[in-house]
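Peer 1: Just entry02.txt, nothing more (compact mmCIF, C-alpha atoms and all ligand atoms):
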```txt
# COMPACT_ATOMS: atom_id res chain seq x y z
CA MET A 1147 -4.76 -0.53 32.71
CA ALA A 1148 -1.15 0.27 31.80
CA ALA A 1149 -0.26 0.69 28.13
CA ARG A 1150 1.63 -2.27 26.66
CA LEU A 1151 5.32 -1.85 25.94
CA SER A 1152 6.59 -2.92 22.53
CA VAL A 1153 10.39 -2.76 22.46
CA ASN A 1154 11.82 -1.62 19.14
CA VAL A 1155 15.03 -3.59 18.49
CA ASN A 1156 16.25 -1.63 15.45
CA LYS A 1157 19.18 -0.24 17.42
CA VAL A 1158 20.44 -3.70 18.41
CA ALA A 1159 20.68 -4.44 14.68
CA THR A 1160 22.38 -1.08 14.07
CA LEU A 1161 25.14 -2.04 16.50
CA ARG A 1162 25.47 -5.53 15.06
CA ASN A 1163 25.68 -4.19 11.50
CA ALA A 1164 28.53 -1.87 12.47
CA ARG A 1165 30.87 -4.88 12.38
CA GLY A 1166 28.99 -7.54 10.42
CA GLY A 1167 28.65 -10.97 12.02
CA ASP A 1168 26.11 -11.62 14.76
CA VAL A 1169 27.31 -9.58 17.75
CA PRO A 1170 25.24 -8.49 19.57
CA SER A 1171 22.75 -11.23 18.82
CA LEU A 1172 19.38 -9.78 17.84
CA ILE A 1173 17.57 -12.95 18.84
CA GLY A 1174 19.48 -13.00 22.13
CA ALA A 1175 18.21 -9.46 22.73
CA VAL A 1176 14.64 -10.45 21.87
CA ARG A 1177 14.85 -13.37 24.34
CA THR A 1178 16.13 -11.09 27.10
CA ILE A 1179 13.46 -8.47 26.40
CA VAL A 1180 10.68 -11.04 26.47
CA ALA A 1181 12.08 -12.73 29.60
CA ALA A 1182 12.10 -9.33 31.31
CA GLY A 1183 8.35 -9.12 30.74
CA ALA A 1184 7.90 -6.98 27.62
CA PRO A 1185 4.68 -7.97 25.87
CA GLY A 1186 5.76 -6.70 22.45
CA ILE A 1187 8.60 -6.49 19.96
CA THR A 1188 8.70 -3.88 17.19
CA VAL A 1189 10.90 -3.68 14.11
CA HIS A 1190 10.98 -1.00 11.43
CA PRO A 1191 12.81 -2.55 8.48
CA ARG A 1192 14.10 0.19 6.19
CA ALA A 1193 14.39 -0.30 2.43
CA ASP A 1194 18.20 0.03 2.67
CA GLU A 1195 18.35 -2.62 5.46
CA ARG A 1196 20.52 -0.28 7.55
CA HIS A 1197 19.40 -2.09 10.68
CA ILE A 1198 16.67 -4.75 10.54
CA ARG A 1199 16.99 -7.09 7.57
CA ALA A 1200 14.33 -9.35 6.09
CA ALA A 1201 16.15 -12.34 7.63
CA ASP A 1202 15.95 -10.66 11.06
CA ALA A 1203 12.21 -10.15 10.76
CA ARG A 1204 11.83 -13.83 9.83
CA ALA A 1205 13.99 -14.97 12.75
CA ILE A 1206 12.07 -12.80 15.22
CA ALA A 1207 8.72 -14.06 13.89
CA ALA A 1208 9.92 -17.65 14.36
CA GLU A 1209 11.22 -16.88 17.86
CA LEU A 1210 7.91 -15.30 18.90
CA ALA A 1211 5.61 -17.83 17.23
CA PRO A 1212 5.33 -20.10 20.31
CA LEU A 1213 4.59 -16.99 22.44
CA ARG A 1214 1.94 -15.61 20.09
CA ASP A 1215 -0.72 -15.45 22.79
CA ARG A 1216 1.28 -13.15 25.06
CA VAL A 1217 3.93 -11.34 23.01
CA GLU A 1218 2.88 -9.20 20.05
CA PHE A 1219 5.04 -8.67 16.98
CA ASN A 1220 4.68 -5.27 15.30
CA ILE A 1221 6.25 -4.56 11.92
CA GLU A 1222 6.47 -0.88 11.05
CA GLY A 1223 7.31 0.61 7.71
CA ASP A 1224 6.29 2.33 4.52
CA PRO A 1225 3.95 0.31 2.31
CA ARG A 1226 6.57 -0.58 -0.30
CA PRO A 1227 6.25 -3.95 -2.06
CA ASP A 1228 8.94 -5.85 -0.12
CA LEU A 1229 7.63 -4.62 3.24
CA LEU A 1230 4.09 -5.68 2.35
CA ALA A 1231 5.39 -9.06 1.16
CA MET A 1232 7.17 -9.48 4.49
CA VAL A 1233 3.97 -8.74 6.41
CA GLU A 1234 2.04 -11.11 4.17
CA GLU A 1235 4.62 -13.85 4.82
CA LEU A 1236 5.11 -13.36 8.57
CA ARG A 1237 1.59 -12.29 9.65
CA PRO A 1238 2.62 -10.21 12.67
CA HIS A 1239 -0.10 -9.17 15.13
CA GLN A 1240 0.19 -5.62 13.88
CA CYS A 1241 1.54 -3.68 10.95
CA THR A 1242 2.12 0.02 11.50
CA LEU A 1243 2.23 1.88 8.21
CA VAL A 1244 4.58 4.83 8.39
CA PRO A 1245 5.36 7.38 5.67
CA VAL A 1246 8.98 7.74 4.65
CA ARG A 1247 10.65 10.87 3.32
CA PRO A 1248 13.60 10.32 0.98
CA GLY A 1249 16.90 10.45 2.86
CA GLU A 1250 15.39 10.63 6.33
CA ILE A 1251 17.51 9.45 9.27
CA THR A 1252 14.40 8.51 11.21
CA SER A 1253 10.64 9.15 11.01
CA GLN A 1254 9.81 12.82 10.74
CA ALA A 1255 6.01 13.04 10.61
CA GLY A 1256 2.80 11.10 10.41
CA TRP A 1257 0.77 10.53 7.25
CA PRO A 1258 -0.48 13.78 5.73
CA PRO A 1259 -4.29 13.70 5.98
CA ASP A 1260 -4.60 14.40 2.26
CA THR A 1261 -2.98 11.02 1.45
CA SER A 1262 -5.22 9.04 -0.93
CA ARG A 1263 -7.79 7.15 1.14
CA ALA A 1264 -8.51 4.74 -1.71
CA GLU A 1265 -4.87 3.77 -2.31
CA LEU A 1266 -3.88 3.24 1.31
CA GLY A 1267 -7.33 1.88 2.17
CA ALA A 1268 -6.85 -0.98 -0.29
CA ILE A 1269 -3.55 -1.91 1.39
CA VAL A 1270 -5.07 -1.63 4.85
CA GLY A 1271 -7.98 -3.86 3.82
CA HIS A 1272 -5.63 -6.43 2.30
CA LEU A 1273 -3.51 -6.69 5.46
CA GLN A 1274 -6.58 -6.90 7.67
CA ALA A 1275 -7.96 -9.73 5.52
CA LEU A 1276 -4.74 -11.61 6.39
CA GLY A 1277 -5.54 -11.21 10.09
CA VAL A 1278 -3.05 -8.40 10.70
CA ARG A 1279 -4.18 -5.41 12.75
CA VAL A 1280 -3.28 -2.17 10.97
CA SER A 1281 -2.16 0.99 12.70
CA LEU A 1282 -1.41 4.26 10.90
CA PHE A 1283 1.33 6.61 12.09
CA VAL A 1284 -0.18 10.09 12.45
CA ASP A 1285 0.51 13.45 13.99
CA ALA A 1286 -1.59 14.50 16.98
CA ASP A 1287 -3.98 16.31 14.70
CA PHE A 1288 -7.77 15.95 14.36
CA ALA A 1289 -7.71 15.84 10.55
CA ALA A 1290 -5.11 13.06 10.60
CA VAL A 1291 -7.07 11.00 13.14
CA ARG A 1292 -10.28 11.36 11.10
CA TRP A 1293 -8.35 10.42 7.96
CA ALA A 1294 -7.02 7.24 9.65
CA ALA A 1295 -10.56 6.23 10.60
CA GLU A 1296 -11.77 6.85 7.03
CA VAL A 1297 -8.92 4.77 5.63
CA GLY A 1298 -10.18 1.89 7.78
CA ALA A 1299 -7.30 1.42 10.24
CA GLN A 1300 -7.96 -0.24 13.60
CA ARG A 1301 -5.44 1.93 15.43
CA ILE A 1302 -3.38 5.05 15.12
CA GLU A 1303 0.16 5.51 16.34
CA LEU A 1304 0.67 9.07 17.53
CA TYR A 1305 4.05 10.49 16.47
CA THR A 1306 5.44 11.68 19.79
CA GLU A 1307 8.61 13.52 18.85
CA PRO A 1308 6.92 16.95 19.15
CA TYR A 1309 5.79 15.97 22.66
CA ALA A 1310 9.29 14.71 23.56
CA GLN A 1311 10.86 17.96 22.37
CA ALA A 1312 8.34 20.07 24.26
CA HIS A 1313 8.87 17.98 27.41
CA ALA A 1314 12.65 18.47 27.17
CA ALA A 1315 12.02 22.23 26.97
CA GLY A 1316 9.84 22.14 30.10
CA ARG A 1317 6.56 22.35 28.18
CA GLY A 1318 5.39 18.74 28.49
CA GLU A 1319 2.13 19.49 30.32
CA ALA A 1320 1.08 22.01 27.68
CA ALA A 1321 2.12 19.77 24.79
CA ILE A 1322 0.27 16.71 25.99
CA ALA A 1323 -3.15 18.41 25.74
CA ARG A 1324 -3.09 18.12 21.94
CA PHE A 1325 -2.20 14.43 22.19
CA ALA A 1326 -4.96 13.79 24.73
CA ALA A 1327 -7.51 15.49 22.46
CA ALA A 1328 -6.35 13.41 19.50
CA ALA A 1329 -6.55 10.23 21.59
CA GLU A 1330 -10.08 11.11 22.73
CA LEU A 1331 -11.17 11.66 19.13
CA ALA A 1332 -9.58 8.37 18.06
CA TYR A 1333 -11.44 6.56 20.82
CA GLU A 1334 -14.75 8.17 19.79
CA LEU A 1335 -14.11 7.02 16.22
CA GLY A 1336 -13.46 3.45 17.37
CA LEU A 1337 -9.69 3.51 16.90
CA GLY A 1338 -7.14 2.10 19.32
CA VAL A 1339 -4.29 4.40 20.33
CA ASN A 1340 -0.58 3.59 20.10
CA ALA A 1341 2.24 6.09 20.43
CA GLY A 1342 5.93 6.29 19.85
CA HIS A 1343 9.09 8.09 18.83
CA ASP A 1344 11.62 9.51 21.26
CA LEU A 1345 9.73 8.42 24.36
CA ASP A 1346 12.10 7.94 27.29
CA LEU A 1347 12.21 7.52 31.06
CA ASP A 1348 11.91 11.30 31.57
CA ASN A 1349 8.94 12.00 29.34
CA LEU A 1350 7.08 8.68 29.67
CA PRO A 1351 5.66 9.09 33.20
CA LEU A 1352 3.50 12.00 32.04
CA PHE A 1353 2.70 10.50 28.65
CA SER A 1354 1.72 7.12 30.10
CA HIS A 1355 -1.44 8.72 31.50
CA LEU A 1356 -2.70 9.65 28.04
CA PRO A 1357 -6.36 8.58 27.79
CA HIS A 1358 -7.06 5.33 25.91
CA LEU A 1359 -3.36 4.56 25.38
CA ASP A 1360 -3.05 0.92 24.25
CA GLU A 1361 0.65 0.61 23.40
CA VAL A 1362 3.92 2.51 23.31
CA SER A 1363 6.78 1.39 21.08
CA ILE A 1364 10.17 2.46 22.37
CA GLY A 1365 13.59 1.75 20.94
CA HIS A 1366 16.32 4.36 20.83
CA ALA A 1367 16.18 5.52 24.45
CA LEU A 1368 15.53 2.06 25.90
CA ILE A 1369 18.43 0.41 24.09
CA SER A 1370 20.65 3.39 25.01
CA HIS A 1371 19.62 3.00 28.67
CA ALA A 1372 20.53 -0.68 28.41
CA LEU A 1373 24.16 0.26 27.68
CA PHE A 1374 24.38 1.54 31.24
CA VAL A 1375 22.10 -0.81 33.19
CA GLY A 1376 21.77 -3.93 31.02
CA LEU A 1377 18.89 -4.92 28.79
CA ASP A 1378 16.90 -6.85 31.39
CA ARG A 1379 16.93 -3.93 33.83
CA ALA A 1380 16.21 -1.40 31.05
CA VAL A 1381 13.04 -3.25 30.05
CA ARG A 1382 11.96 -3.54 33.69
CA ASP A 1383 12.57 0.20 34.22
CA TYR A 1384 10.27 1.04 31.29
CA LEU A 1385 7.62 -1.47 32.39
CA GLY A 1386 7.74 0.06 35.88
CA CYS A 1387 7.41 3.53 34.40
CA LEU A 1388 4.23 2.53 32.60
CA LEU A 1389 2.72 1.24 35.85
CA GLN A 1390 3.23 4.52 37.75
C1 LIG A 1401 7.84 5.06 13.33
C2 LIG A 1401 8.78 5.46 14.37
O1 LIG A 1401 8.67 6.48 14.98
C3 LIG A 1401 9.94 4.59 14.69
O2 LIG A 1401 9.74 3.30 14.24
C4 LIG A 1401 11.19 5.09 14.13
O3 LIG A 1401 10.97 5.57 12.85
C5 LIG A 1401 12.23 4.02 14.18
O4 LIG A 1401 12.93 3.95 13.00
P1 LIG A 1401 14.52 4.10 13.04
O5 LIG A 1401 15.02 3.17 14.12
O6 LIG A 1401 14.96 3.70 11.69
O7 LIG A 1401 14.81 5.52 13.42
N1 LIG A 1402 7.18 3.55 16.72
C1 LIG A 1402 8.21 4.14 17.47
C2 LIG A 1402 9.27 3.16 17.73
O1 LIG A 1402 9.15 2.00 17.40
C3 LIG A 1402 10.49 3.54 18.44
O2 LIG A 1402 10.87 4.87 18.25
P1 LIG A 1402 12.17 5.36 19.07
O3 LIG A 1402 11.93 5.07 20.54
O4 LIG A 1402 13.34 4.55 18.56
O5 LIG A 1402 12.26 6.82 18.79
```
How does this structure look as structure tokens?
Peer 2:
Amino acid sequence: MAARLSVNVNKVATLRNARGGDVPSLIGAVRTIVAAGAPGITVHPRADERHIRAADARAIAAELAPLRDRVEFNIEGDPRPDLLAMVEELRPHQCTLVPVRPGEITSQAGWPPDTSRAELGAIVGHLQALGVRVSLFVDADFAAVRWAAEVGAQRIELYTEPYAQAHAAGRGEAAIARFAAAAELAYELGLGVNAGHDLDLDNLPLFSHLPHLDEVSIGHALISHALFVGLDRAVRDYLGCLLQ
């Protein structure tokens, strides 16, 4: 079965915030993405609210509530108090916990496997008790996958930038072996497998065949593609890519 596509709408908010006001409409974008057939919406609200704001997450949750059975809402972020409060309030299908490095422009790495199991495990358990599936953002590394299982997550999200860079340099086939091995280990340990960061229409056809791949979250390249072909067509192009 094809992996599910969760469209990350951060970049729609980035464009809107460049001028203030509500153009382009984030909710309008979510409606178009869902109407085009995407079964998931992802946001990654940053502490500085440089793109997605708390009010956006609330508005998207309200928009998706009637579609809960077919469209998943995924909130990504570092486990800071206001992010956890947002997840507690909105109860998305999934919360992807992602480490943040001070000053980063975007995510740079998965959780280091020496991160305290007890500390993060308590947060993971709390979110799961609220009915939220928890995924942990990790590098394609055996120690990190084992760590995620020990922390009690239900899924991992493999950080795919190293794959994307290798693919752009003509080394995609070689790079994907490490990701496939990590996905196999995750599956053996009972974890679901998500993936994301810098996936695009060039590198996704190969990556979409990763074993046990449940979901890909894609934002930057998809929204950029939409500038040229329109948002409806961009979503359909990515959905088609996942079916190949
Ligand atoms: C975790 C991940 O890989 C993406 O969510 C990425 O970090 C998006 O965040 P930005 O849109 O702020 O770059
Ligand atoms: N989790 C990855 C994500 O949501 C989107 O990452 P990108 O496609 O914007 O690099």
Peer 1: May I have the residues within 6 Å of ligand LIG 1401 (chain A), computed using all atoms listed in the file, as a list in words?
Peer 2: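 Using all atoms listed in the file, I find these residues within 6 Å of ligand LIG 1401 (chain A): Asn1156, His1190, Val1244, Thr1252, Ser1253, Gly1342 and His1343 of chain A.
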Peer 1: Which residue, A:Arg1263, A:His1371, A:Arg1247, A:Arg1204, has the smallest gap to Glu1235 (chain A) when you use only C-alpha atoms?
Peer 2: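 Ranking A:Arg1263, A:His1371, A:Arg1247, A:Arg1204 by distance to Glu1235 (chain A), first place goes to A:Arg1204.
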Peer 1: Using only C-alpha atoms, which residues sit within 10 Å of region 1218-1225 of chain A once same-chain residues fewer than 4 positions away are excluded, as a PyMOL selection string?
Peer 2: chain A and resi 1150-1154+1184-1193+1203+1206-1207+1210-1211+1213-1214+1229-1233+1236-1247+1253+1266+1269-1270+1278-1283+1363
Peer 1: Write the residues you've just listed into a file as a JSON list (two decimals), keeping the file's coordinate frame, and include C-alpha atoms for each of them.
Peer 2:
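That gives us again-v3.json:
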```
[["chain", "number", "residue", "atom", "x", "y", "z"],
["A", 1150, "ARG", "CA", 1.63, -2.27, 26.66],
["A", 1151, "LEU", "CA", 5.32, -1.85, 25.94],
["A", 1152, "SER", "CA", 6.59, -2.92, 22.53],
["A", 1153, "VAL", "CA", 10.39, -2.76, 22.46],
["A", 1154, "ASN", "CA", 11.82, -1.62, 19.14],
["A", 1184, "ALA", "CA", 7.90, -6.98, 27.62],
["A", 1185, "PRO", "CA", 4.68, -7.97, 25.87],
["A", 1186, "GLY", "CA", 5.76, -6.70, 22.45],
["A", 1187, "ILE", "CA", 8.60, -6.49, 19.96],
["A", 1188, "THR", "CA", 8.70, -3.88, 17.19],
["A", 1189, "VAL", "CA", 10.90, -3.68, 14.11],
["A", 1190, "HIS", "CA", 10.98, -1.00, 11.43],
["A", 1191, "PRO", "CA", 12.81, -2.55, 8.48],
["A", 1192, "ARG", "CA", 14.10, 0.19, 6.19],
["A", 1193, "ALA", "CA", 14.39, -0.30, 2.43],
["A", 1203, "ALA", "CA", 12.21, -10.15, 10.76],
["A", 1206, "ILE", "CA", 12.07, -12.80, 15.22],
["A", 1207, "ALA", "CA", 8.72, -14.06, 13.89],
["A", 1210, "LEU", "CA", 7.91, -15.30, 18.90],
["A", 1211, "ALA", "CA", 5.61, -17.83, 17.23],
["A", 1213, "LEU", "CA", 4.59, -16.99, 22.44],
["A", 1214, "ARG", "CA", 1.94, -15.61, 20.09],
["A", 1229, "LEU", "CA", 7.63, -4.62, 3.24],
["A", 1230, "LEU", "CA", 4.09, -5.68, 2.35],
["A", 1231, "ALA", "CA", 5.39, -9.06, 1.16],
["A", 1232, "MET", "CA", 7.17, -9.48, 4.49],
["A", 1233, "VAL", "CA", 3.97, -8.74, 6.41],
["A", 1236, "LEU", "CA", 5.11, -13.36, 8.57],
["A", 1237, "ARG", "CA", 1.59, -12.29, 9.65],
["A", 1238, "PRO", "CA", 2.62, -10.21, 12.67],
["A", 1239, "HIS", "CA", -0.10, -9.17, 15.13],
["A", 1240, "GLN", "CA", 0.19, -5.62, 13.88],
["A", 1241, "CYS", "CA", 1.54, -3.68, 10.95],
["A", 1242, "THR", "CA", 2.12, 0.02, 11.50],
["A", 1243, "LEU", "CA", 2.23, 1.88, 8.21],
["A", 1244, "VAL", "CA", 4.58, 4.83, 8.39],
["A", 1245, "PRO", "CA", 5.36, 7.38, 5.67],
["A", 1246, "VAL", "CA", 8.98, 7.74, 4.65],
["A", 1247, "ARG", "CA", 10.65, 10.87, 3.32],
["A", 1253, "SER", "CA", 10.64, 9.15, 11.01],
["A", 1266, "LEU", "CA", -3.88, 3.24, 1.31],
["A", 1269, "ILE", "CA", -3.55, -1.91, 1.39],
["A", 1270, "VAL", "CA", -5.07, -1.63, 4.85],
["A", 1278, "VAL", "CA", -3.05, -8.40, 10.70],
["A", 1279, "ARG", "CA", -4.18, -5.41, 12.75],
["A", 1280, "VAL", "CA", -3.28, -2.17, 10.97],
["A", 1281, "SER", "CA", -2.16, 0.99, 12.70],
["A", 1282, "LEU", "CA", -1.41, 4.26, 10.90],
["A", 1283, "PHE", "CA", 1.33, 6.61, 12.09],
["A", 1363, "SER", "CA", 6.78, 1.39, 21.08]]
```
Peer 1: Determine, counting all atoms listed in the file, which protein, DNA and RNA residues have an atom within 9 Å of an atom of Pro1258 (chain A); residues of the same chain fewer than 2 positions away are not included. Present the result as number ranges by chain.
Peer 2: A: 1245, 1255-1256, 1260-1261, 1284-1285, 1289-1290, 1293
Peer 1: Which value, in Å to one decimal, gives the distance between atom P1 of ligand LIG 1402 (chain A) and CA of Leu1350 (chain A)?
Peer 2: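 Between atom P1 of ligand LIG 1402 (chain A) and CA of Leu1350 (chain A) the gap is 12.2 Å.
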Peer 1: Considering only C-alpha atoms and all ligand atoms, state which residue in the set A:Ala1323, A:Val1291, A:Ile1302, A:Val1375 is at the smallest distance from ligand LIG 1402 (chain A).
Peer 2: A:Ile1302
Peer 1: Might you pull out every residue within 12 Å of Ala1367 (chain A), with all atoms listed in the file counted and same-chain residues fewer than 3 positions away left off, and present them as a list in words?
Peer 2: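 Skipping anything fewer than 3 positions along the chain leaves Val1153, Asn1154, Val1155, Asn1156, Lys1157, Val1158, Ala1310, Gly1342, His1343, Asp1344, Leu1345, Asp1346, Leu1347, Asp1348, Asn1349, Leu1350, Ser1363, Ile1364, Ser1370, His1371, Ala1372, Leu1373, Phe1374, Leu1377, Ala1380, Val1381, Asp1383 and Tyr1384 of chain A.
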Peer 1: Tell me, in Å to one decimal, how far CA of Ile1369 (chain A) is from CA of Pro1248 (chain A).
Peer 2: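 Separation between CA of Ile1369 (chain A) and CA of Pro1248 (chain A): 25.6 Å.
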Peer 1: Do you have the CA of Ala1264 (chain A)-CA of Arg1292 (chain A) distance handy?
Peer 2: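 CA of Arg1292 (chain A) lies at a distance of 14.5 Å from CA of Ala1264 (chain A).
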Peer 1: Using all atoms listed in the file, which of the listed residues (A:Pro1357, A:Gly1338, A:Gly1386, A:Pro1308) sits closest to ligand LIG 1402 (chain A)?
Peer 2: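 Closest to ligand LIG 1402 (chain A), using all atoms listed in the file: A:Pro1308.
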Peer 1: Can you tell me, as a list in words, what residues are no more than 7 Å from Ile1322 (chain A) when counting all atoms listed in the file, ignoring any on the same chain fewer than 4 positions away?
Peer 2: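 The residues that qualify are Tyr1309, Gly1318 and Ala1326 of chain A.
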